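*Asks:* This one is run.cif, mmCIF, C-alpha atoms and all ligand atoms.
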data_run
#
loop_
_atom_site.group_PDB
_atom_site.id
_atom_site.type_symbol
_atom_site.label_atom_id
_atom_site.label_comp_id
_atom_site.auth_asym_id
_atom_site.auth_seq_id
_atom_site.Cartn_x
_atom_site.Cartn_y
_atom_site.Cartn_z
ATOM 1 C CA MET K 109 0.000 0.000 0.000
ATOM 2 C CA ASP K 110 1.493 3.343 -1.037
ATOM 3 C CA LEU K 111 0.651 5.943 1.618
ATOM 4 C CA ASN K 112 1.380 8.816 -0.786
ATOM 5 C CA LEU K 113 3.540 10.730 1.675
ATOM 6 C CA ALA K 114 6.313 11.638 -0.769
ATOM 7 C CA ASN K 115 7.407 15.282 -0.371
ATOM 8 C CA LYS K 116 4.747 15.952 2.260
ATOM 9 C CA VAL K 117 5.878 17.782 5.387
ATOM 10 C CA PHE K 118 5.069 16.602 8.919
ATOM 11 C CA ILE K 119 5.830 18.136 12.306
ATOM 12 C CA VAL K 120 6.418 15.503 15.001
ATOM 13 C CA THR K 121 6.699 16.805 18.561
ATOM 14 C CA GLY K 122 9.007 14.731 20.734
ATOM 15 C CA GLY K 123 10.029 13.109 17.465
ATOM 16 C CA ALA K 124 13.556 12.164 18.550
ATOM 17 C CA LYS K 125 12.776 9.573 21.226
ATOM 18 C CA GLY K 126 10.457 6.673 22.020
ATOM 19 C CA ILE K 127 7.157 6.665 20.142
ATOM 20 C CA GLY K 128 7.944 9.971 18.429
ATOM 21 C CA ALA K 129 11.220 8.593 17.055
ATOM 22 C CA ALA K 130 9.386 5.610 15.558
ATOM 23 C CA ILE K 131 6.843 7.989 13.992
ATOM 24 C CA SER K 132 9.621 10.164 12.519
ATOM 25 C CA LYS K 133 11.373 7.107 11.045
ATOM 26 C CA THR K 134 8.158 5.632 9.635
ATOM 27 C CA ILE K 135 7.211 8.916 7.952
ATOM 28 C CA SER K 136 10.693 9.045 6.444
ATOM 29 C CA ASP K 137 10.517 5.397 5.319
ATOM 30 C CA GLU K 138 7.342 6.430 3.466
ATOM 31 C CA LYS K 139 9.293 9.297 1.801
ATOM 32 C CA GLY K 140 7.752 12.085 3.850
ATOM 33 C CA ILE K 141 9.738 15.044 5.223
ATOM 34 C CA VAL K 142 9.999 15.299 9.022
ATOM 35 C CA VAL K 143 10.414 18.326 11.277
ATOM 36 C CA ILE K 144 11.186 17.201 14.823
ATOM 37 C CA ALA K 145 10.310 19.547 17.684
ATOM 38 C CA GLY K 146 11.807 18.559 21.015
ATOM 39 C CA ARG K 147 13.736 19.987 23.896
ATOM 40 C CA ASN K 148 16.964 17.984 23.699
ATOM 41 C CA LYS K 149 19.315 19.217 20.967
ATOM 42 C CA ALA K 150 21.584 16.163 20.984
ATOM 43 C CA ASP K 151 18.612 13.776 20.650
ATOM 44 C CA ASN K 152 17.144 15.892 17.834
ATOM 45 C CA GLN K 153 20.450 15.994 15.973
ATOM 46 C CA ALA K 154 20.980 12.237 16.358
ATOM 47 C CA MET K 155 17.550 11.448 14.937
ATOM 48 C CA VAL K 156 17.947 13.830 11.996
ATOM 49 C CA ASP K 157 21.370 12.312 11.268
ATOM 50 C CA GLU K 158 19.858 8.818 11.294
ATOM 51 C CA ILE K 159 17.087 9.811 8.883
ATOM 52 C CA VAL K 160 19.433 11.675 6.543
ATOM 53 C CA LYS K 161 21.889 8.753 6.591
ATOM 54 C CA SER K 162 19.135 6.438 5.404
ATOM 55 C CA GLY K 163 18.281 8.784 2.519
ATOM 56 C CA GLY K 164 15.450 10.783 4.072
ATOM 57 C CA THR K 165 14.879 14.504 4.668
ATOM 58 C CA ALA K 166 14.506 15.887 8.186
ATOM 59 C CA SER K 167 15.200 18.967 10.297
ATOM 60 C CA TYR K 168 14.636 19.909 13.898
ATOM 61 C CA VAL K 169 13.741 22.763 16.177
ATOM 62 C CA THR K 170 15.051 22.543 19.724
ATOM 63 C CA ALA K 171 12.442 23.916 22.075
ATOM 64 C CA GLU K 172 10.648 23.252 25.321
ATOM 65 C CA LEU K 173 7.134 23.372 23.889
ATOM 66 C CA GLY K 174 5.473 24.667 27.040
ATOM 67 C CA THR K 175 5.203 28.233 25.720
ATOM 68 C CA ALA K 176 3.035 29.516 22.886
ATOM 69 C CA GLU K 177 6.033 31.350 21.449
ATOM 70 C CA ALA K 178 8.012 28.117 21.074
ATOM 71 C CA CYS K 179 5.104 26.516 19.209
ATOM 72 C CA ARG K 180 4.841 29.478 16.840
ATOM 73 C CA GLU K 181 8.564 29.195 16.127
ATOM 74 C CA VAL K 182 8.188 25.512 15.218
ATOM 75 C CA VAL K 183 5.458 26.334 12.695
ATOM 76 C CA ASP K 184 7.334 29.360 11.287
ATOM 77 C CA PHE K 185 10.539 27.351 10.905
ATOM 78 C CA THR K 186 8.719 24.550 9.060
ATOM 79 C CA VAL K 187 6.986 26.888 6.629
ATOM 80 C CA GLU K 188 10.122 28.939 5.983
ATOM 81 C CA LYS K 189 12.175 25.816 5.303
ATOM 82 C CA TYR K 190 9.719 23.636 3.386
ATOM 83 C CA GLY K 191 6.898 25.994 2.351
ATOM 84 C CA GLN K 192 4.037 23.865 3.632
ATOM 85 C CA ILE K 193 2.679 21.674 6.438
ATOM 86 C CA ASP K 194 0.777 18.505 5.549
ATOM 87 C CA GLY K 195 0.406 17.049 9.010
ATOM 88 C CA LEU K 196 0.963 17.674 12.706
ATOM 89 C CA VAL K 197 1.713 14.873 15.147
ATOM 90 C CA ASN K 198 1.165 16.081 18.697
ATOM 91 C CA ASN K 199 3.173 13.493 20.613
ATOM 92 C CA ALA K 200 5.462 15.118 23.210
ATOM 93 C CA GLY K 201 4.372 14.476 26.763
ATOM 94 C CA ILE K 202 5.524 13.282 30.150
ATOM 95 C CA ASN K 203 3.789 11.317 32.863
ATOM 96 C CA ASP K 204 5.088 13.671 35.534
ATOM 97 C CA GLY K 205 3.323 12.351 38.623
ATOM 98 C CA VAL K 206 1.604 15.519 39.806
ATOM 99 C CA GLY K 207 -1.091 14.013 42.011
ATOM 100 C CA LEU K 208 -3.919 15.378 44.108
ATOM 101 C CA GLU K 209 -2.191 14.725 47.436
ATOM 102 C CA ASN K 210 1.449 15.096 46.423
ATOM 103 C CA GLY K 211 0.984 17.983 43.949
ATOM 104 C CA SER K 212 0.119 21.668 44.194
ATOM 105 C CA PRO K 213 -1.914 24.141 42.126
ATOM 106 C CA GLU K 214 1.332 25.461 40.605
ATOM 107 C CA LYS K 215 2.642 22.007 39.686
ATOM 108 C CA PHE K 216 -0.738 21.028 38.236
ATOM 109 C CA PHE K 217 -0.741 24.081 35.970
ATOM 110 C CA GLN K 218 2.876 23.458 34.915
ATOM 111 C CA SER K 219 1.956 19.883 34.013
ATOM 112 C CA LEU K 220 -0.843 21.169 31.752
ATOM 113 C CA GLU K 221 1.670 23.469 30.045
ATOM 114 C CA LYS K 222 4.099 20.605 29.442
ATOM 115 C CA ASN K 223 1.480 18.076 28.331
ATOM 116 C CA LEU K 224 -1.503 19.909 26.879
ATOM 117 C CA SER K 225 -1.013 23.565 25.921
ATOM 118 C CA HIS K 226 1.348 22.761 23.070
ATOM 119 C CA TYR K 227 -1.191 20.380 21.501
ATOM 120 C CA TYR K 228 -3.559 23.361 21.184
ATOM 121 C CA ASN K 229 -0.887 25.959 20.376
ATOM 122 C CA LEU K 230 0.708 23.968 17.583
ATOM 123 C CA ALA K 231 -2.665 23.109 16.061
ATOM 124 C CA HIS K 232 -3.635 26.788 16.290
ATOM 125 C CA TYR K 233 -0.499 28.084 14.569
ATOM 126 C CA ALA K 234 -0.393 25.254 11.999
ATOM 127 C CA LEU K 235 -4.048 25.655 11.026
ATOM 128 C CA PRO K 236 -3.666 28.272 8.248
ATOM 129 C CA HIS K 237 -1.080 26.009 6.611
ATOM 130 C CA LEU K 238 -3.100 22.816 7.083
ATOM 131 C CA LYS K 239 -6.038 24.556 5.389
ATOM 132 C CA LYS K 240 -3.918 25.075 2.271
ATOM 133 C CA THR K 241 -2.836 21.428 2.045
ATOM 134 C CA LYS K 242 -6.005 19.813 3.473
ATOM 135 C CA GLY K 243 -3.549 18.377 5.958
ATOM 136 C CA ASN K 244 -4.442 16.619 9.152
ATOM 137 C CA ILE K 245 -3.652 16.194 12.846
ATOM 138 C CA VAL K 246 -2.857 13.068 14.826
ATOM 139 C CA ASN K 247 -2.655 13.357 18.595
ATOM 140 C CA ILE K 248 -0.994 10.783 20.810
ATOM 141 C CA GLY K 249 -3.144 10.192 23.874
ATOM 142 C CA SER K 250 -2.907 7.784 26.773
ATOM 143 C CA LYS K 251 -4.987 5.082 28.418
ATOM 144 C CA VAL K 252 -4.686 7.154 31.609
ATOM 145 C CA ALA K 253 -7.423 9.376 30.137
ATOM 146 C CA VAL K 254 -9.922 6.532 30.337
ATOM 147 C CA THR K 255 -8.630 4.267 33.119
ATOM 148 C CA GLY K 256 -6.945 6.697 35.527
ATOM 149 C CA GLN K 257 -3.637 5.738 37.107
ATOM 150 C CA GLY K 258 -3.470 7.492 40.458
ATOM 151 C CA ARG K 259 -1.022 10.203 41.540
ATOM 152 C CA THR K 260 -0.878 11.838 38.118
ATOM 153 C CA SER K 261 -3.662 14.448 37.882
ATOM 154 C CA GLY K 262 -1.858 16.815 35.495
ATOM 155 C CA TYR K 263 -1.086 14.105 32.968
ATOM 156 C CA ALA K 264 -4.560 12.525 33.267
ATOM 157 C CA ALA K 265 -6.261 15.911 32.814
ATOM 158 C CA SER K 266 -4.101 16.638 29.777
ATOM 159 C CA LYS K 267 -4.790 13.303 28.125
ATOM 160 C CA GLY K 268 -8.519 13.548 28.888
ATOM 161 C CA ALA K 269 -8.495 16.938 27.202
ATOM 162 C CA VAL K 270 -6.674 15.474 24.202
ATOM 163 C CA ASN K 271 -9.551 13.028 23.680
ATOM 164 C CA ALA K 272 -12.100 15.833 23.972
ATOM 165 C CA LEU K 273 -10.148 18.109 21.640
ATOM 166 C CA THR K 274 -9.909 15.358 19.056
ATOM 167 C CA ARG K 275 -13.715 15.355 18.701
ATOM 168 C CA GLU K 276 -13.936 19.134 19.092
ATOM 169 C CA TRP K 277 -11.333 19.891 16.411
ATOM 170 C CA ALA K 278 -12.659 17.197 14.076
ATOM 171 C CA VAL K 279 -16.006 19.035 14.140
ATOM 172 C CA GLU K 280 -14.555 22.556 13.890
ATOM 173 C CA LEU K 281 -12.326 21.613 10.966
ATOM 174 C CA LEU K 282 -14.926 19.757 8.874
ATOM 175 C CA PRO K 283 -15.384 22.786 6.564
ATOM 176 C CA TYR K 284 -11.695 22.556 5.621
ATOM 177 C CA ALA K 285 -11.673 18.752 5.241
ATOM 178 C CA ILE K 286 -8.929 18.630 7.876
ATOM 179 C CA ARG K 287 -9.105 15.327 9.732
ATOM 180 C CA VAL K 288 -8.218 14.961 13.411
ATOM 181 C CA ASN K 289 -7.619 11.640 15.143
ATOM 182 C CA THR K 290 -5.943 10.287 18.264
ATOM 183 C CA VAL K 291 -3.854 7.165 18.680
ATOM 184 C CA LEU K 292 -4.091 5.948 22.239
ATOM 185 C CA PRO K 293 -1.327 3.709 23.640
ATOM 186 C CA ALA K 294 -1.332 1.905 26.962
ATOM 187 C CA GLU K 295 1.972 0.140 27.639
ATOM 188 C CA VAL K 296 4.885 0.898 25.291
ATOM 189 C CA TRP K 297 8.524 0.389 26.265
ATOM 190 C CA THR K 298 10.181 3.812 25.769
ATOM 191 C CA PRO K 299 12.558 6.031 27.769
ATOM 192 C CA LEU K 300 9.475 7.660 29.353
ATOM 193 C CA TYR K 301 8.083 4.286 30.385
ATOM 194 C CA GLU K 302 11.415 3.106 31.764
ATOM 195 C CA ASN K 303 11.766 6.262 33.864
ATOM 196 C CA TRP K 304 8.200 5.911 35.149
ATOM 197 C CA ILE K 305 8.454 2.245 36.145
ATOM 198 C CA LYS K 306 11.677 2.982 38.038
ATOM 199 C CA THR K 307 9.715 5.334 40.315
ATOM 200 C CA LEU K 308 7.646 2.383 41.611
ATOM 201 C CA PRO K 309 8.684 0.016 44.384
ATOM 202 C CA ASN K 310 9.967 -3.316 42.905
ATOM 203 C CA PRO K 311 9.907 -2.109 39.290
ATOM 204 C CA GLU K 312 10.790 -5.479 37.723
ATOM 205 C CA GLU K 313 8.032 -7.288 39.579
ATOM 206 C CA LYS K 314 5.558 -4.524 38.694
ATOM 207 C CA LEU K 315 6.538 -4.690 35.019
ATOM 208 C CA ALA K 316 6.007 -8.468 34.942
ATOM 209 C CA GLN K 317 2.561 -7.973 36.534
ATOM 210 C CA ILE K 318 1.589 -5.356 33.932
ATOM 211 C CA VAL K 319 2.813 -7.369 30.950
ATOM 212 C CA ALA K 320 0.980 -10.468 32.173
ATOM 213 C CA LYS K 321 -2.292 -8.496 31.964
ATOM 214 C CA ILE K 322 -1.923 -7.297 28.363
ATOM 215 C CA PRO K 323 -4.500 -9.469 26.584
ATOM 216 C CA LEU K 324 -2.908 -9.798 23.137
ATOM 217 C CA GLU K 325 0.237 -11.929 23.329
ATOM 218 C CA LYS K 326 1.074 -10.831 26.891
ATOM 219 C CA ARG K 327 3.568 -8.286 25.630
ATOM 220 C CA MET K 328 3.990 -4.557 25.458
ATOM 221 C CA THR K 329 3.034 -2.613 22.341
ATOM 222 C CA THR K 330 6.045 -1.531 20.306
ATOM 223 C CA SER K 331 6.688 2.091 19.331
ATOM 224 C CA GLU K 332 6.616 0.927 15.708
ATOM 225 C CA GLU K 333 3.063 -0.396 16.146
ATOM 226 C CA ILE K 334 1.971 3.034 17.400
ATOM 227 C CA ALA K 335 3.864 4.662 14.524
ATOM 228 C CA ASP K 336 2.243 2.455 11.874
ATOM 229 C CA MET K 337 -1.272 3.475 12.959
ATOM 230 C CA THR K 338 -0.242 7.130 13.282
ATOM 231 C CA VAL K 339 1.280 7.276 9.820
ATOM 232 C CA PHE K 340 -1.701 5.487 8.278
ATOM 233 C CA LEU K 341 -3.957 8.143 9.852
ATOM 234 C CA LEU K 342 -1.687 10.897 8.506
ATOM 235 C CA SER K 343 -1.994 9.485 5.020
ATOM 236 C CA SER K 344 -4.693 9.904 2.409
ATOM 237 C CA ARG K 345 -5.350 6.152 2.772
ATOM 238 C CA SER K 346 -7.454 7.056 5.809
ATOM 239 C CA SER K 347 -9.222 9.872 3.979
ATOM 240 C CA HIS K 348 -12.672 9.312 5.527
ATOM 241 C CA THR K 349 -11.532 8.740 9.127
ATOM 242 C CA THR K 350 -11.901 11.662 11.509
ATOM 243 C CA GLY K 351 -12.712 12.317 15.170
ATOM 244 C CA GLN K 352 -11.549 8.823 16.126
ATOM 245 C CA ILE K 353 -9.731 7.707 19.259
ATOM 246 C CA ILE K 354 -7.972 4.528 18.238
ATOM 247 C CA PHE K 355 -6.618 2.262 20.961
ATOM 248 C CA VAL K 356 -3.402 0.564 19.857
ATOM 249 C CA ASP K 357 -2.901 -1.349 23.094
ATOM 250 C CA GLY K 358 -3.236 -5.110 22.587
ATOM 251 C CA GLY K 359 -6.721 -4.888 24.097
ATOM 252 C CA TYR K 360 -5.428 -3.506 27.424
ATOM 253 C CA SER K 361 -8.095 -0.845 27.884
ATOM 254 C CA HIS K 362 -11.192 -2.724 26.722
ATOM 255 C CA LEU K 363 -10.777 -6.495 26.978
ATOM 256 C CA ASP K 364 -11.250 -8.594 30.074
ATOM 257 C CA ARG K 365 -7.857 -8.600 31.777
ATOM 258 C CA SER K 366 -8.724 -11.545 34.033
ATOM 259 C CA ILE K 367 -8.457 -13.974 31.094
HETATM 260 P P1 LIG D 401 9.638 9.636 25.690
HETATM 261 O O1 LIG D 401 10.320 8.338 25.467
HETATM 262 O O2 LIG D 401 9.978 10.411 26.918
HETATM 263 O O3 LIG D 401 9.799 10.594 24.431
HETATM 264 C C1 LIG D 401 9.143 11.826 24.433
HETATM 265 C C2 LIG D 401 10.011 12.862 23.765
HETATM 266 O O4 LIG D 401 9.303 14.109 23.802
HETATM 267 C C3 LIG D 401 11.335 13.097 24.484
HETATM 268 O O5 LIG D 401 12.296 13.429 23.512
HETATM 269 C C4 LIG D 401 11.010 14.291 25.371
HETATM 270 O O6 LIG D 401 12.156 15.039 25.773
HETATM 271 C C5 LIG D 401 10.121 15.104 24.443
HETATM 272 N N1 LIG D 401 9.253 16.018 25.171
HETATM 273 C C6 LIG D 401 8.332 15.695 26.110
HETATM 274 N N2 LIG D 401 7.686 16.795 26.545
HETATM 275 C C7 LIG D 401 8.226 17.839 25.875
HETATM 276 C C8 LIG D 401 7.996 19.237 25.891
HETATM 277 N N3 LIG D 401 7.068 19.782 26.705
HETATM 278 N N4 LIG D 401 8.708 20.026 25.059
HETATM 279 C C9 LIG D 401 9.651 19.491 24.248
HETATM 280 N N5 LIG D 401 9.920 18.169 24.186
HETATM 281 C C10 LIG D 401 9.222 17.349 25.002
HETATM 282 O O7 LIG D 401 8.038 9.386 25.721
HETATM 283 P P2 LIG D 401 7.129 8.282 24.959
HETATM 284 O O8 LIG D 401 6.896 7.146 25.888
HETATM 285 O O9 LIG D 401 7.642 8.033 23.605
HETATM 286 O O10 LIG D 401 5.758 9.082 24.912
HETATM 287 C C11 LIG D 401 5.308 9.753 23.755
HETATM 288 C C12 LIG D 401 3.820 10.021 23.907
HETATM 289 O O11 LIG D 401 3.122 8.793 24.100
HETATM 290 C C13 LIG D 401 3.481 10.916 25.107
HETATM 291 O O12 LIG D 401 2.450 11.819 24.757
HETATM 292 C C14 LIG D 401 2.969 9.922 26.132
HETATM 293 O O13 LIG D 401 2.055 10.499 27.005
HETATM 294 C C15 LIG D 401 2.289 8.901 25.228
HETATM 295 N N6 LIG D 401 2.115 7.594 25.873
HETATM 296 C C16 LIG D 401 3.181 6.769 26.078
HETATM 297 C C17 LIG D 401 2.949 5.538 26.697
HETATM 298 C C18 LIG D 401 4.066 4.552 26.937
HETATM 299 O O14 LIG D 401 3.777 3.448 27.426
HETATM 300 N N7 LIG D 401 5.302 4.865 26.622
HETATM 301 C C19 LIG D 401 1.665 5.162 27.090
HETATM 302 C C20 LIG D 401 0.617 6.032 26.874
HETATM 303 C C21 LIG D 401 0.848 7.254 26.250
HETATM 304 P P3 LIG D 401 12.968 14.593 27.104
HETATM 305 O O15 LIG D 401 13.718 13.349 26.734
HETATM 306 O O16 LIG D 401 13.839 15.768 27.380
HETATM 307 O O17 LIG D 401 11.936 14.361 28.170
#
Write the structure described by the file as structure tokens, please.
*Replies:*
Amino acid sequence: MDLNLANKVFIVTGGAKGIGAAISKTISDEKGIVVIAGRNKADNQAMVDEIVKSGGTASYVTAELGTAEACREVVDFTVEKYGQIDGLVNNAGINDGVGLENGSPEKFFQSLEKNLSHYYNLAHYALPHLKKTKGNIVNIGSKVAVTGQGRTSGYAASKGAVNALTREWAVELLPYAIRVNTVLPAEVWTPLYENWIKTLPNPEEKLAQIVAKIPLEKRMTTSEEIADMTVFLLSSRSSHTTGQIIFVDGGYSHLDRSI
């Protein structure tokens, strides 16, 4: 199946690591052009080098995306360099453990800035360009939005809002034929996941318990499996799919985990 991504331009936030890195590589494998937006310059450079080495085209903007200004710069850079935006992948996020008991109003608000505001800000600034290309948006959500996790109010609120905004934007952008969808992972082994599991008592035991409850094949989802769905949604091969929240989680969120 040709996804028709050749010469199309995609912004991938957090596109140098974990799930975002797999999305960047998959877009490039399909001949698309990638602009990575992330806060670690060395990671960004390494990912761009890898893509360029394998014959692809990629650039990066190093920015902490928690300010509106940074998001505007990402969009401006992309349009100045490549002249167009065909898709936005809102992926950057961190399960930062700002809970109800252990958090504070300030920390809660900061968590929203790190996890949610940039989803809106980038979509807002990219919109005039997406209108021109009939481009589309894919958000990366989290199962925490629908299952809860405990001790992570900022992240849960952000991911709940991502689900709501997916429907809201899909409706608002119907007149421009801009599609908006969310891919929702549950358990994917990435640097973020590794850091999170290490915060728990007996991390190895906990990991084994989690994996044993993933219905399909008792294994974690791979970043590439998230990327494949994301890139399909970015492509014109999913041209009549919008407003969808698609769980790529081996059945973790919906199937009976006692089986
Ligand atoms: P990851 O391994 O930590 O990679 C995320 C990348 O995004 C990192 O390069 C990170 O930089 C960057 N980033 C995060 N917040 C940023 C910000 N505010 N500004 C600039 N750069 C930022 O994470 P991942 O596991 O691939 O997660 C990607 C997405 O999937 C997130 O939205 C996450 O919520 C979602 N998700 C993941 C899982 C899972 O099991 N892994 C499950 C459900 C949902 P640093 O390295 O500097 O932090």
*Asks:* Which residue, K:Gly351, K:Gln153, K:Lys133, K:Asn198, has the smallest gap to Glu280 (chain K) when you use only C-alpha atoms?
*Replies:*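 Comparing K:Gly351, K:Gln153, K:Lys133, K:Asn198 against Glu280 (chain K), the winner is K:Gly351.
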*Asks:* May I have the protein, DNA and RNA residues with any atom at most 10 Å from the point (-8.8, 4.4, 30.6), counting only C-alpha atoms, written as an MDAnalysis selection string?
*Replies:* chainID K and resid 250:257 264 268 292 294 360:362
*Asks:* Which polymer residues have any atom within 6 Å of an atom of region 118-128 of chain K, counting only C-alpha atoms, with same-chain residues fewer than 3 positions away left out, as a list in words?
*Replies:* Ile131, Ser132, Val142, Val143, Ile144, Ala145, Gly146, Asp151, Asn152, Met155, Asp194, Gly195, Leu196, Val197, Asn198, Asn199, Ala200, Thr298 and Ser331 of chain K
*Asks:* Quick one: which residues end up in the PyMOL selection byres (((chain K and resi 334) around 12) and not hetatm) for this structure, as a ChimeraX atom specification?
*Replies:* /K:126-132,134,199,246-250,290-298,328-333,335-341,354-358
*Asks:* Need the neighbours of (5.4, 7.4, 31.7): which residues are at most 8 Å away, counting only C-alpha atoms, as a ChimeraX atom specification?
*Replies:* /K:202-204,300-305
*Asks:* Written as a PyMOL selection string, which residues does the PyMOL selection byres (((chain K and resi 177-183) around 12) and not hetatm) give for the file shown?
*Replies:* chain K and resi 117-121+143-147+167-176+184-196+198+221-222+225-238
*Asks:* Name the closest residue to ligand LIG 401 (chain D) among the candidates K:Thr350, K:Asn223, K:Asn115, K:Asn289; distances are taken between atoms, counting only C-alpha atoms and all ligand atoms.
*Replies:*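 Closest candidate: K:Asn223.
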*Asks:* Excluding same-chain residues fewer than 2 positions from Lys215 (chain K), what lies within 12 Å of it counting all atoms listed in the file, as a ChimeraX atom specification?
*Replies:* /K:204-213,217-222,260-263
*Asks:* Provide the CA of Trp277 (chain K) to CA of Ile245 (chain K) distance in Å, to one decimal place.
*Replies:*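 Rounded to one decimal, the two atoms are 9.2 Å apart.
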*Asks:* Please measure the separation of atom O7 of ligand LIG 401 (chain D) and CA of Ser266 (chain K), giving the value in Å to one decimal.
*Replies:* 14.7 Å
*Asks:* Which value, in Å to one decimal, gives the distance between CA of Lys161 (chain K) and CA of Gly140 (chain K)?
*Replies:*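 Straight-line distance from CA of Lys161 (chain K) to CA of Gly140 (chain K) works out to 14.8 Å.
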*Asks:* Considering all atoms listed in the file, state which residue in the set K:Ser346, K:Ser366, K:Asn148, K:Thr241 is at the smallest distance from ligand LIG 401 (chain D).
*Replies:*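 Ranked by minimum distance to ligand LIG 401 (chain D), first place goes to K:Asn148.
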*Asks:* Can you patch up region 242-254 of chain K, filling it in to N, CA, C and O atoms, and show the result as a PDB file, in the frame of the given file?
*Replies:*
ATOM      1  N   LYS K 242      -5.027  20.788   2.952  1.00  0.00           N
ATOM      2  CA  LYS K 242      -6.005  19.813   3.473  1.00  0.00           C
ATOM      3  C   LYS K 242      -5.259  18.761   4.291  1.00  0.00           C
ATOM      4  O   LYS K 242      -5.452  17.547   4.144  1.00  0.00           O
ATOM      5  N   GLY K 243      -4.364  19.263   5.127  1.00  0.00           N
ATOM      6  CA  GLY K 243      -3.549  18.377   5.958  1.00  0.00           C
ATOM      7  C   GLY K 243      -4.364  17.809   7.107  1.00  0.00           C
ATOM      8  O   GLY K 243      -5.584  17.962   7.155  1.00  0.00           O
ATOM      9  N   ASN K 244      -3.689  17.174   8.025  1.00  0.00           N
ATOM     10  CA  ASN K 244      -4.442  16.619   9.152  1.00  0.00           C
ATOM     11  C   ASN K 244      -3.601  16.546  10.419  1.00  0.00           C
ATOM     12  O   ASN K 244      -2.398  16.808  10.409  1.00  0.00           O
ATOM     13  N   ILE K 245      -4.284  16.216  11.517  1.00  0.00           N
ATOM     14  CA  ILE K 245      -3.652  16.194  12.846  1.00  0.00           C
ATOM     15  C   ILE K 245      -3.836  14.807  13.460  1.00  0.00           C
ATOM     16  O   ILE K 245      -4.944  14.260  13.417  1.00  0.00           O
ATOM     17  N   VAL K 246      -2.738  14.271  13.999  1.00  0.00           N
ATOM     18  CA  VAL K 246      -2.857  13.068  14.826  1.00  0.00           C
ATOM     19  C   VAL K 246      -2.287  13.383  16.204  1.00  0.00           C
ATOM     20  O   VAL K 246      -1.146  13.846  16.327  1.00  0.00           O
ATOM     21  N   ASN K 247      -3.092  13.181  17.212  1.00  0.00           N
ATOM     22  CA  ASN K 247      -2.655  13.357  18.595  1.00  0.00           C
ATOM     23  C   ASN K 247      -2.279  12.001  19.182  1.00  0.00           C
ATOM     24  O   ASN K 247      -2.900  10.988  18.858  1.00  0.00           O
ATOM     25  N   ILE K 248      -1.283  12.006  20.054  1.00  0.00           N
ATOM     26  CA  ILE K 248      -0.994  10.783  20.810  1.00  0.00           C
ATOM     27  C   ILE K 248      -1.565  10.977  22.217  1.00  0.00           C
ATOM     28  O   ILE K 248      -1.216  11.934  22.919  1.00  0.00           O
ATOM     29  N   GLY K 249      -2.471  10.094  22.581  1.00  0.00           N
ATOM     30  CA  GLY K 249      -3.144  10.192  23.874  1.00  0.00           C
ATOM     31  C   GLY K 249      -2.546   9.228  24.876  1.00  0.00           C
ATOM     32  O   GLY K 249      -1.363   8.877  24.788  1.00  0.00           O
ATOM     33  N   SER K 250      -3.360   8.807  25.814  1.00  0.00           N
ATOM     34  CA  SER K 250      -2.907   7.784  26.773  1.00  0.00           C
ATOM     35  C   SER K 250      -4.108   7.097  27.397  1.00  0.00           C
ATOM     36  O   SER K 250      -5.147   7.719  27.640  1.00  0.00           O
ATOM     37  N   LYS K 251      -3.927   5.829  27.737  1.00  0.00           N
ATOM     38  CA  LYS K 251      -4.987   5.082  28.418  1.00  0.00           C
ATOM     39  C   LYS K 251      -5.356   5.724  29.753  1.00  0.00           C
ATOM     40  O   LYS K 251      -6.463   5.559  30.249  1.00  0.00           O
ATOM     41  N   VAL K 252      -4.420   6.498  30.317  1.00  0.00           N
ATOM     42  CA  VAL K 252      -4.686   7.154  31.609  1.00  0.00           C
ATOM     43  C   VAL K 252      -5.950   8.024  31.522  1.00  0.00           C
ATOM     44  O   VAL K 252      -6.664   8.182  32.516  1.00  0.00           O
ATOM     45  N   ALA K 253      -6.227   8.541  30.326  1.00  0.00           N
ATOM     46  CA  ALA K 253      -7.423   9.376  30.137  1.00  0.00           C
ATOM     47  C   ALA K 253      -8.707   8.603  30.406  1.00  0.00           C
ATOM     48  O   ALA K 253      -9.717   9.200  30.786  1.00  0.00           O
ATOM     49  N   VAL K 254      -8.680   7.303  30.181  1.00  0.00           N
ATOM     50  CA  VAL K 254      -9.922   6.532  30.337  1.00  0.00           C
ATOM     51  C   VAL K 254      -9.897   5.551  31.507  1.00  0.00           C
ATOM     52  O   VAL K 254     -10.945   5.092  31.945  1.00  0.00           O
TER      53      VAL K 254
END
